[in-house]
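Below is the file my_file27.pdb, which contains PDB, C-alpha atoms.
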```pdb
ATOM      1  CA  HIS A   1      -3.072   7.690 -19.786
ATOM      2  CA  PHE A   2       0.370   6.178 -20.252
ATOM      3  CA  LEU A   3       2.383   5.919 -17.031
ATOM      4  CA  PHE A   4       5.675   4.317 -16.004
ATOM      5  CA  HIS A   5       6.145   1.500 -13.483
ATOM      6  CA  GLY A   6       9.553   0.218 -12.422
ATOM      7  CA  ALA A   7      10.249  -3.205 -10.936
ATOM      8  CA  PRO A   8      13.020  -5.818 -10.935
ATOM      9  CA  ALA A   9      13.014  -8.011 -14.068
ATOM     10  CA  GLY A  10      11.428 -11.019 -12.323
ATOM     11  CA  ILE A  11       8.540  -8.902 -11.071
ATOM     12  CA  VAL A  12       8.086  -7.365 -14.532
ATOM     13  CA  LYS A  13       7.543 -10.907 -15.887
ATOM     14  CA  GLU A  14       4.967 -11.611 -13.166
ATOM     15  CA  ILE A  15       3.130  -8.364 -13.947
ATOM     16  CA  CYS A  16       3.043  -9.252 -17.652
ATOM     17  CA  ARG A  17       1.594 -12.679 -16.812
ATOM     18  CA  GLY A  18      -0.947 -11.691 -14.184
ATOM     19  CA  GLY A  19      -1.371  -7.928 -14.338
ATOM     20  CA  PHE A  20      -0.769  -5.294 -11.692
ATOM     21  CA  ASP A  21      -1.887  -6.389  -8.237
ATOM     22  CA  PRO A  22      -2.423  -3.429  -5.887
ATOM     23  CA  ARG A  23      -2.573  -5.783  -2.902
ATOM     24  CA  ARG A  24       1.198  -6.261  -3.312
ATOM     25  CA  GLY A  25       1.917  -2.529  -3.254
ATOM     26  CA  GLY A  26       4.674  -1.612  -0.851
ATOM     27  CA  GLU A  27       6.289  -5.050  -0.701
ATOM     28  CA  GLY A  28       9.442  -3.919  -2.488
ATOM     29  CA  ALA A  29       9.480  -0.284  -1.391
ATOM     30  CA  GLY A  30       7.659   2.106   0.901
ATOM     31  CA  LYS A  31       3.918   2.686   1.187
ATOM     32  CA  LEU A  32       3.745   6.462   1.428
ATOM     33  CA  PHE A  33       0.275   6.436  -0.140
ATOM     34  CA  GLY A  34      -0.968   3.109   1.146
ATOM     35  CA  ILE A  35      -1.349  -0.287  -0.439
ATOM     36  CA  ALA A  36      -1.690   0.401  -4.154
ATOM     37  CA  THR A  37       0.063   0.024  -7.479
ATOM     38  CA  TYR A  38       2.364   3.021  -7.905
ATOM     39  CA  PHE A  39       2.983   4.756 -11.232
ATOM     40  CA  THR A  40       4.740   7.920 -12.328
ATOM     41  CA  THR A  41       4.855  10.272 -15.280
ATOM     42  CA  THR A  42       8.677  10.241 -15.146
ATOM     43  CA  ALA A  43      10.744   7.340 -16.472
ATOM     44  CA  SER A  44      13.712   8.211 -14.240
ATOM     45  CA  LYS A  45      11.515   7.833 -11.139
ATOM     46  CA  SER A  46      10.597   4.304 -12.305
ATOM     47  CA  ASP A  47      14.280   3.529 -12.851
ATOM     48  CA  ILE A  48      14.816   3.695  -9.082
ATOM     49  CA  TYR A  49      12.631   0.601  -8.599
ATOM     50  CA  THR A  50      14.249  -1.624 -11.252
ATOM     51  CA  GLU A  51      16.559  -3.157  -8.669
ATOM     52  CA  GLN A  52      16.355  -4.404  -5.111
ATOM     53  CA  PHE A  53      17.693  -1.768  -2.742
ATOM     54  CA  THR A  54      19.711  -4.468  -0.968
ATOM     55  CA  ALA A  55      21.208  -5.889  -4.194
ATOM     56  CA  ARG A  56      22.165  -3.011  -6.480
ATOM     57  CA  LEU A  57      22.720  -3.677 -10.184
ATOM     58  CA  SER A  58      25.834  -2.551 -12.023
ATOM     59  CA  LYS A  59      25.550   0.452 -14.328
ATOM     60  CA  GLY A  60      25.703  -1.736 -17.424
ATOM     61  CA  ALA A  61      23.083  -4.232 -16.217
ATOM     62  CA  PHE A  62      19.890  -4.477 -18.221
ATOM     63  CA  ARG A  63      16.826  -3.054 -16.490
ATOM     64  CA  GLN A  64      13.164  -2.958 -17.424
ATOM     65  CA  ILE A  65      10.370  -0.486 -16.884
ATOM     66  CA  ILE A  66       6.767  -0.923 -17.902
ATOM     67  CA  ILE A  67       4.786   1.628 -19.817
ATOM     68  CA  ALA A  68       1.258   0.986 -18.635
ATOM     69  CA  ARG A  69      -2.076   2.126 -19.945
ATOM     70  CA  ALA A  70      -4.033   3.366 -16.932
ATOM     71  CA  LEU A  71      -7.628   4.356 -16.363
ATOM     72  CA  LEU A  72      -7.547   7.168 -13.844
ATOM     73  CA  GLY A  73     -11.183   8.257 -13.730
ATOM     74  CA  GLU A  74     -11.868  10.938 -11.161
ATOM     75  CA  ALA A  75      -8.615  11.615  -9.331
ATOM     76  CA  PHE A  76      -7.930  12.879  -5.820
ATOM     77  CA  ARG A  77      -4.897  15.182  -5.427
ATOM     78  CA  THR A  78      -2.894  14.758  -2.250
ATOM     79  CA  ALA A  79      -0.090  16.868  -0.863
ATOM     80  CA  SER A  80       0.418  14.669   2.201
ATOM     81  CA  ALA A  81       1.123  11.035   3.043
ATOM     82  CA  MET A  82      -1.733   8.517   3.119
ATOM     83  CA  GLN A  83       0.164   5.501   4.473
ATOM     84  CA  LYS A  84      -2.832   3.551   5.775
ATOM     85  CA  SER A  85      -4.928   3.910   2.604
ATOM     86  CA  THR A  86      -6.370   0.879   0.865
ATOM     87  CA  ARG A  87      -8.539   2.941  -1.478
ATOM     88  CA  PRO A  88      -8.921   6.563  -2.525
ATOM     89  CA  PRO A  89     -10.811   8.864  -0.155
ATOM     90  CA  ASP A  90     -14.486   9.643  -0.633
ATOM     91  CA  GLY A  91     -15.456  12.532  -2.859
ATOM     92  CA  PRO A  92     -18.096  15.180  -2.104
ATOM     93  CA  ASP A  93     -20.828  12.763  -3.244
ATOM     94  CA  GLY A  94     -19.757  10.133  -0.679
ATOM     95  CA  ARG A  95     -18.346   7.781  -3.318
ATOM     96  CA  PRO A  96     -14.605   7.080  -3.438
ATOM     97  CA  TYR A  97     -12.445   8.752  -6.054
ATOM     98  CA  ASP A  98     -10.975   6.404  -8.683
ATOM     99  CA  CYS A  99      -7.304   7.083  -7.976
ATOM    100  CA  VAL A 100      -4.915   9.294  -6.043
ATOM    101  CA  TRP A 101      -2.153  11.432  -7.467
ATOM    102  CA  ALA A 102       0.578  12.900  -5.325
ATOM    103  CA  ASP A 103       1.642  16.408  -6.137
ATOM    104  CA  VAL A 104       5.286  17.521  -6.240
ATOM    105  CA  ARG A 105       7.108  19.641  -3.678
ATOM    106  CA  GLU A 106       7.137  22.723  -5.897
ATOM    107  CA  ASN A 107       3.297  22.654  -5.790
ATOM    108  CA  GLY A 108       3.117  22.046  -2.032
ATOM    109  CA  GLY A 109       3.300  18.232  -2.216
ATOM    110  CA  ILE A 110       5.742  15.810  -0.624
ATOM    111  CA  VAL A 111       7.274  13.975  -3.609
ATOM    112  CA  ASP A 112       9.911  14.946  -6.152
ATOM    113  CA  HIS A 113       8.030  13.454  -9.129
ATOM    114  CA  PHE A 114       4.294  13.103  -9.740
ATOM    115  CA  GLU A 115       3.024   9.732  -8.560
ATOM    116  CA  VAL A 116      -0.283   8.042  -9.328
ATOM    117  CA  MET A 117      -1.709   5.315  -7.113
ATOM    118  CA  LEU A 118      -4.300   2.833  -8.356
ATOM    119  CA  TYR A 119      -6.088   0.685  -5.805
ATOM    120  CA  GLU A 120      -8.102  -1.570  -8.144
ATOM    121  CA  ARG A 121      -6.627  -4.468 -10.088
ATOM    122  CA  GLY A 122      -8.212  -3.706 -13.460
ATOM    123  CA  GLN A 123      -7.289  -0.028 -13.697
ATOM    124  CA  ALA A 124      -4.011  -0.562 -15.572
ATOM    125  CA  TYR A 125      -2.293  -3.089 -17.776
ATOM    126  CA  PRO A 126       1.272  -3.403 -19.043
ATOM    127  CA  GLN A 127       1.419  -2.207 -22.637
ATOM    128  CA  ILE A 128       5.143  -1.871 -23.375
ATOM    129  CA  ILE A 129       8.288  -3.221 -21.711
ATOM    130  CA  VAL A 130      11.353  -1.015 -22.127
ATOM    131  CA  THR A 131      14.701  -2.780 -21.655
ATOM    132  CA  TYR A 132      17.738  -0.539 -21.232
ATOM    133  CA  ALA A 133      21.044  -0.095 -19.428
ATOM    134  CA  HIS A 134      22.767   2.953 -18.014
ATOM    135  CA  GLU A 135      25.910   3.969 -19.892
ATOM    136  CA  THR A 136      29.155   3.728 -17.973
ATOM    137  CA  SER A 137      29.431   7.526 -18.167
ATOM    138  CA  CYS A 138      25.916   8.022 -16.763
ATOM    139  CA  ARG A 139      25.669  10.787 -14.157
ATOM    140  CA  CYS A 140      21.993  10.386 -13.226
ATOM    141  CA  SER A 141      20.994  10.495  -9.558
ATOM    142  CA  GLU A 142      21.100   6.694  -9.340
ATOM    143  CA  CYS A 143      24.580   6.363 -10.849
ATOM    144  CA  ALA A 144      26.332   9.438  -9.501
TER     145      ALA A 144
END
```
The structure in this file should be written as structure tokens.
Amino acid sequence: HFLFHGAPAGIVKEICRGGFDPRRGGEGAGKLFGIATYFTTTASKSDIYTEQFTARLSKGAFRQIIIARALLGEAFRTASAMQKSTRPPDGPDGRPYDCVWADVRENGGIVDHFEVMLYERGQAYPQIIVTYAHETSCRCSECA
């Protein structure tokens, strides 16, 4: 699967050098689904995380998101928070699922965009870096 991951430019460089490290999940943002690497199917969701919340970038500033190749395996769907998680829950066979995906509000979930959480280091790697800037006339939820 291809999924998006947003981070400030300096963190993007670190990810490209050393890969995604789920142990660092939640350092720059919340941990609604525990300590994991967070991905989404929506580029605009990743855009939110391209800047520090305490040091906002200008509209015209260059930002970067990563398009990652991810191995999801057998996924667990959640419609509720899992803030203390360090791995996916166990499946019916007693073995943990491979990843967790959070469903959206319109399907009974608690997030606005699908999110995928990976708890193992080798489950994803950065494949493409997209560099972009918002136009001065941008009216997206981040710029409006």
Fill in: Surrounding residues of Gly10 in chain A excluding itself and chain neighbours under 3 positions, 12 Å, all atoms listed in the file, as a list in words
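Within the cut-off, the hits are Gly6, Ala7, Lys13, Glu14, Ile15, Cys16, Arg17, Thr50, Glu51, Gln52, Arg63, Gln64 and Ile65 of chain A.
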Exercise: range 36-42 of chain A partners within 8 Å, only C-alpha atoms, chain neighbours under 5 positions left out, as a compact mmCIF listing (two decimals) with C-alpha atoms, in the coordinates of the input:
```txt
# COMPACT_ATOMS: atom_id res chain seq x y z
CA PHE A 2 0.37 6.18 -20.25
CA LEU A 3 2.38 5.92 -17.03
CA PHE A 4 5.68 4.32 -16.00
CA HIS A 5 6.14 1.50 -13.48
CA PHE A 20 -0.77 -5.29 -11.69
CA ASP A 21 -1.89 -6.39 -8.24
CA PRO A 22 -2.42 -3.43 -5.89
CA ARG A 23 -2.57 -5.78 -2.90
CA ARG A 24 1.20 -6.26 -3.31
CA GLY A 25 1.92 -2.53 -3.25
CA GLY A 26 4.67 -1.61 -0.85
CA THR A 86 -6.37 0.88 0.86
CA ARG A 87 -8.54 2.94 -1.48
CA HIS A 113 8.03 13.45 -9.13
CA PHE A 114 4.29 13.10 -9.74
CA GLU A 115 3.02 9.73 -8.56
CA VAL A 116 -0.28 8.04 -9.33
CA MET A 117 -1.71 5.32 -7.11
CA LEU A 118 -4.30 2.83 -8.36
CA TYR A 119 -6.09 0.68 -5.80
CA GLU A 120 -8.10 -1.57 -8.14
```
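Applied to this file, the PyMOL selection byres ((chain A and resi 97) around 10) selects A:Leu72, A:Gly73, A:Glu74, A:Ala75, A:Phe76, A:Arg77, A:Arg87, A:Pro88, A:Pro89, A:Asp90, A:Gly91, A:Pro92, A:Asp93, A:Gly94, A:Arg95, A:Pro96, A:Asp98, A:Cys99, A:Val100.
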Discussion item. Given only C-alpha atoms as the basis, pick out the residue of A:Leu57, A:Ala29, A:Asp112, A:Ala79 nearest to Lys45 in chain A.
Written reply: A:Asp112
Worksheet item: Which residue, A:Ala70, A:Lys84, A:Gly109, A:Gly28, has the smallest gap to Phe53 in chain A when you use all atoms listed in the file?
Response: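 The answer is A:Gly28, which sits nearest to Phe53 in chain A.
Take the candidates A:Leu71, A:Ile66, A:Ile11, A:Cys143 and check each one against Gln123 in chain A using all atoms listed in the file; the shortest distance goes to A:Leu71.
The shortest atom-to-atom distance to Asp47 in chain A, with all atoms listed in the file taken into account, belongs to A:Lys59 out of A:Lys59, A:Arg121, A:Arg69, A:Lys31.
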Worksheet item: Using all atoms listed in the file, which of the listed residues (A:Ile110, A:Gly60, A:Thr54, A:Tyr49) sits closest to Thr78 in chain A?
Response: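 Of all the options, A:Ile110 lies closest to Thr78 in chain A.
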Practice prompt. Between CA of Ala133 in chain A and CA of Ala68 in chain A, measure the distance and give it in Å to one decimal.
Written response: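 Interatomic distance, CA of Ala133 in chain A to CA of Ala68 in chain A: 19.8 Å.
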Practice prompt. Considering all atoms listed in the file, state which residue in the set A:Ser46, A:Ala61, A:Leu32, A:Ile67 is at the smallest distance from Pro126 in chain A.
Written response: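 When distances to Pro126 in chain A are compared using all atoms listed in the file, the smallest one comes from A:Ile67.
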Worksheet, complete the sentence: CA of Ile48 in chain A to CA of Ala81 in chain A measures 19.7 Å
Box time for range 65-69 of chain A: axis-aligned, enclosing all its listed atoms, 8 Å extra on each side; report centre and edge lengths in Å to one decimal, as lines of an AutoDock Vina configuration file.
```
center_x = 4.1
center_y = 0.6
center_z = -18.4
size_x = 28.4
size_y = 19.0
size_z = 19.1
```
